[in-house]
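Only one structure is covered here, and it is reproduced in the block below.
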Amino acid sequence: MKRLLTTLANLSITKRLVLVNITSLVVLGAALFGIAYSLVAAEMERQGVERQETSMRVAWEVLSKVGQPYSVKDGKMYAGDVLLNENFVIVDRVKEVVGGTATIFMGDTRVTTNVMKPDGSRAVGTQLAKNAAYESVLGQGKPFRGTVDILGQTFFTGYDPIKDETGKTIGILYVGVKKADFFAVVDRLLSNFGIALGVAIVLLTGVAILLNKMALKPLARVRQALEALIAGNRSADVPYTQRSDEIGVIARALVTFGQSMAENETLQTQQAAAHKAAEIERKKLLESLATTFTESVGKLIGDLTKSAGTMRGDAESLSTASHRLSDLTSRATNASERASGGIESVADTASALSGAISGAVSQVSDTSNAAQQAVANAEHTNEMVKTLAAAANRIGEVVQLINDIASQTNLLALNATIEAARAGEAGKGFAVVASEVKNLANQTAKATEDIQAQVQDIQGQTDGAVKAIGAIAALIADISRKAAEAAGSIEQQGGASQMIAQNVQEVSQETNSMNASVHELSDSVQVTADACQRLQSASGHLMSQMDSLNGLARDFVAKVRAA
């Protein structure tokens, strides 16, 4: 069944209509044949029964002419004086007049009949089957009309009771005709009707096929127009648009369909052009963004690298000055120690007082000169450290500017992501680029945070160096002052020998104090050298961070331009 339905579904409309027409005609013909057969059969049944009435009247007329009354004597049946047993003249006469068969029963036994048995002999001596006819005639004494099986064959029959003078039923008068013989004419008639009906169905089928082809021919042309439209021929002519039937409706719908397809193609072309223009504009925007970013970040990185280099050079200069200052403090320490030794020599021997005083003056003068040189170097170092602090501040400002640019880049990436989401499929590539831009902006922000931390550390170190150098300068000034005081004291010894011991003691004390100050100066110089070393390390790390930031910027620009 499923296979049949699939086959029917694959048939063309023409074949389906032809199949429907043929099926309809066959069903209609079968219905007409069935109705005709039923009507004719019913009519023949009615005529068969009516015919038996006629045959029965003829049979009674023939029998009454033989004689009356009817009686049974000595087991034989008589009509008047005429013996009816095996008197075939009566039944044959009825057959000659009306056709069919006739029988006279004595009781329920056939005594004369023209009904033949299968062997061709008359069915004399056979008995009536106990059927409806038997019950009606012999049981109730009433006539019977209807179909009855006689010796295995169906007959239209009429049974009337034969009564004697007393009114007692003594026999039956039967007339009948074989139903098959009676319907032979009907069968021939129905056969001819069936043949005529079949011919009519064939003719009507041919006419239906012709009409279907004529009706579907416009549909075939409309289908060709549809195929041309689908194939891309927008100028294809669609026929029958002026018709008012379904073909016209379909044709007009095809015209509208072709116009819609043309408009859709135009819209698609416009959309493709708009998409291409948007893509070009996007690439221009990305190229502009990459160029601007490259220039801005490159300039900032260059400035930052230059500042870091300056800071590193300043740190190296500060380190050199610290080493020089360390040498000077060492010399001052040696000089103060030698001065202390000279003063002790003065106390031990008065004869060498003048020479010792001169040596002390010379040593104190050297110490004062060294202290003054140390003050000058400390001030120069202090200026260099301040310059380094200013450079660190500028680096902090540059780092803050880079951080601001990273924040703005992140905001632009967010806006680009939103615009890409609005663009749908066309913005997916731009969304990926915006995501990469956002990641690079985050990495840049993190790098600037690291750099800012390093700059803050440098600023802290430079502040410490400034303070240390200030302390060194104060100590050196104190040393210079004490050296001057020591020189004054020693010079006064030349004018007042009697106060040598006291002055020598004071000089010794001052010299010891100066030695302590020089040692403190040496410690401060060492602290300054360590700070310079850390500053150099921080500047080196800053340069490395600048290289990393420059690499990230190059990667970002490359990805943006490749998008």
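Following the order of the structure tokens, first chain is A, next is B, and so on, with residues numbered from 1 inside each chain and ligands from 1 in the order they appear.
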Can you tell me, as a PyMOL selection string, what residues are no more than 8 Å from A:Leu128 when counting only C-alpha atoms, ignoring any on the same chain fewer than 6 positions away? chain A and resi 108-110+134
The selected residues should be written to file as a tab-separated table (two decimals), in the first residue's frame (atoms: N, CA and C atoms).
```tsv
chain	number	residue	atom	x	y	z
A	108	ASP	N	-49.10	-35.03	-2.83
A	108	ASP	CA	-47.81	-34.39	-3.05
A	108	ASP	C	-46.97	-35.15	-4.06
A	109	THR	N	-47.63	-36.04	-4.89
A	109	THR	CA	-46.89	-36.85	-5.84
A	109	THR	C	-47.24	-36.41	-7.25
A	110	ARG	N	-46.21	-36.26	-8.08
A	110	ARG	CA	-46.41	-35.84	-9.45
A	110	ARG	C	-46.96	-37.05	-10.25
A	134	TYR	N	-45.42	-26.36	-0.26
A	134	TYR	CA	-46.09	-27.52	0.35
A	134	TYR	C	-46.95	-27.07	1.52
```
What parts of stretch 173-233 of chain A does DSSP call strand (DSSP E)? I'd like the answer as a list of chain:residue names. A:Leu173, A:Tyr174, A:Val175, A:Gly176, A:Val177, A:Lys178
Selected residues, C-alpha atoms, written as a compact mmCIF listing (two decimals), in the first residue's frame, please.
```txt
# COMPACT_ATOMS: atom_id res chain seq x y z
CA LEU A 173 -51.79 -27.67 -10.17
CA TYR A 174 -48.30 -26.31 -10.78
CA VAL A 175 -46.87 -24.00 -13.44
CA GLY A 176 -43.37 -22.56 -13.50
CA VAL A 177 -40.38 -21.50 -15.50
CA LYS A 178 -36.66 -21.92 -14.81
```
Nearby residues (only C-alpha atoms) at most 6 Å from A:Phe144, same-chain spacing under 6 positions excluded, as a short mmCIF file (atom, residue, chain, number, x, y, z; two decimals) with N, CA and C atoms, in the first residue's frame:
```cif
data_model
loop_
_atom_site.label_atom_id
_atom_site.label_comp_id
_atom_site.auth_asym_id
_atom_site.auth_seq_id
_atom_site.Cartn_x
_atom_site.Cartn_y
_atom_site.Cartn_z
N ALA A 133 -44.18 -23.86 -0.43
CA ALA A 133 -45.30 -24.19 -1.31
C ALA A 133 -46.10 -25.36 -0.73
N GLY A 158 -45.94 -21.25 -9.52
CA GLY A 158 -47.28 -20.98 -9.02
C GLY A 158 -47.94 -22.30 -8.65
N TYR A 159 -48.40 -22.41 -7.45
CA TYR A 159 -49.05 -23.64 -6.98
C TYR A 159 -50.49 -23.29 -6.55
#
```
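Considering only C-alpha atoms, the residue among A:Ile172, A:Ile418, A:Val238, A:Met77 positioned nearest to A:Thr103 is A:Ile172.
Of note, atom CA of A:Leu83 and atom CA of A:Ala129 are spaced 24.3 Å apart.
Picture a line from atom CA of A:Ala180 to atom CA of A:Gln153; it runs 8.7 Å.
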Extract, using only C-alpha atoms, all DNA, RNA and protein residues at most 10 Å from stretch 64-70 of chain A, discarding same-chain residues fewer than 4 positions from it, and format them as a short mmCIF file (atom, residue, chain, number, x, y, z; two decimals) with N, CA and C atoms, in the first residue's frame.
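So the final result, stored in selection12.cif, reads:
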```
data_model
loop_
_atom_site.label_atom_id
_atom_site.label_comp_id
_atom_site.auth_asym_id
_atom_site.auth_seq_id
_atom_site.Cartn_x
_atom_site.Cartn_y
_atom_site.Cartn_z
N VAL A 58 -53.99 -20.15 -17.78
CA VAL A 58 -54.03 -21.02 -18.96
C VAL A 58 -54.12 -22.49 -18.55
N ALA A 59 -53.34 -22.86 -17.51
CA ALA A 59 -53.35 -24.26 -17.06
C ALA A 59 -54.73 -24.65 -16.55
N TRP A 60 -55.40 -23.78 -15.78
CA TRP A 60 -56.75 -24.09 -15.28
C TRP A 60 -57.73 -24.20 -16.46
N MET A 77 -56.08 -40.24 -10.13
CA MET A 77 -56.74 -38.94 -10.11
C MET A 77 -57.44 -38.73 -11.45
N TYR A 78 -58.70 -38.18 -11.35
CA TYR A 78 -59.52 -38.01 -12.55
C TYR A 78 -60.00 -36.56 -12.62
N ALA A 79 -60.16 -36.11 -13.88
CA ALA A 79 -60.86 -34.85 -14.15
C ALA A 79 -62.12 -35.25 -14.91
N GLY A 80 -63.23 -35.26 -14.18
CA GLY A 80 -64.42 -35.85 -14.77
C GLY A 80 -64.17 -37.35 -14.91
N ASP A 81 -64.22 -37.83 -16.13
CA ASP A 81 -63.95 -39.23 -16.37
C ASP A 81 -62.57 -39.46 -16.97
N VAL A 82 -61.83 -38.40 -17.12
CA VAL A 82 -60.52 -38.51 -17.79
C VAL A 82 -59.45 -38.75 -16.72
N LEU A 83 -58.66 -39.77 -16.95
CA LEU A 83 -57.56 -40.09 -16.04
C LEU A 83 -56.41 -39.09 -16.26
N LEU A 84 -55.98 -38.55 -15.16
CA LEU A 84 -54.90 -37.55 -15.24
C LEU A 84 -53.52 -38.17 -15.08
N ILE A 90 -52.11 -32.66 -21.28
CA ILE A 90 -52.52 -31.43 -20.57
C ILE A 90 -51.29 -30.54 -20.32
N ILE A 162 -55.93 -28.30 -5.94
CA ILE A 162 -57.01 -28.94 -6.71
C ILE A 162 -57.93 -29.61 -5.69
N LYS A 163 -59.19 -29.18 -5.67
CA LYS A 163 -60.13 -29.67 -4.66
C LYS A 163 -61.24 -30.50 -5.33
N ASP A 164 -61.77 -31.44 -4.55
CA ASP A 164 -62.90 -32.25 -5.05
C ASP A 164 -64.20 -31.51 -4.77
N GLU A 165 -65.30 -32.18 -5.00
CA GLU A 165 -66.60 -31.52 -4.85
C GLU A 165 -66.87 -31.10 -3.42
N THR A 169 -58.75 -30.63 -0.51
CA THR A 169 -57.59 -30.54 -1.40
C THR A 169 -57.09 -31.94 -1.66
N ILE A 170 -57.15 -32.31 -2.95
CA ILE A 170 -56.71 -33.66 -3.31
C ILE A 170 -55.46 -33.63 -4.18
N GLY A 171 -55.07 -32.45 -4.64
CA GLY A 171 -53.89 -32.37 -5.48
C GLY A 171 -53.46 -30.92 -5.67
#
```
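Of the listed residues (A:His275, A:Arg3, A:Lys386, A:Lys306), A:Lys306 comes nearest to A:Met543; the distances count only C-alpha atoms.
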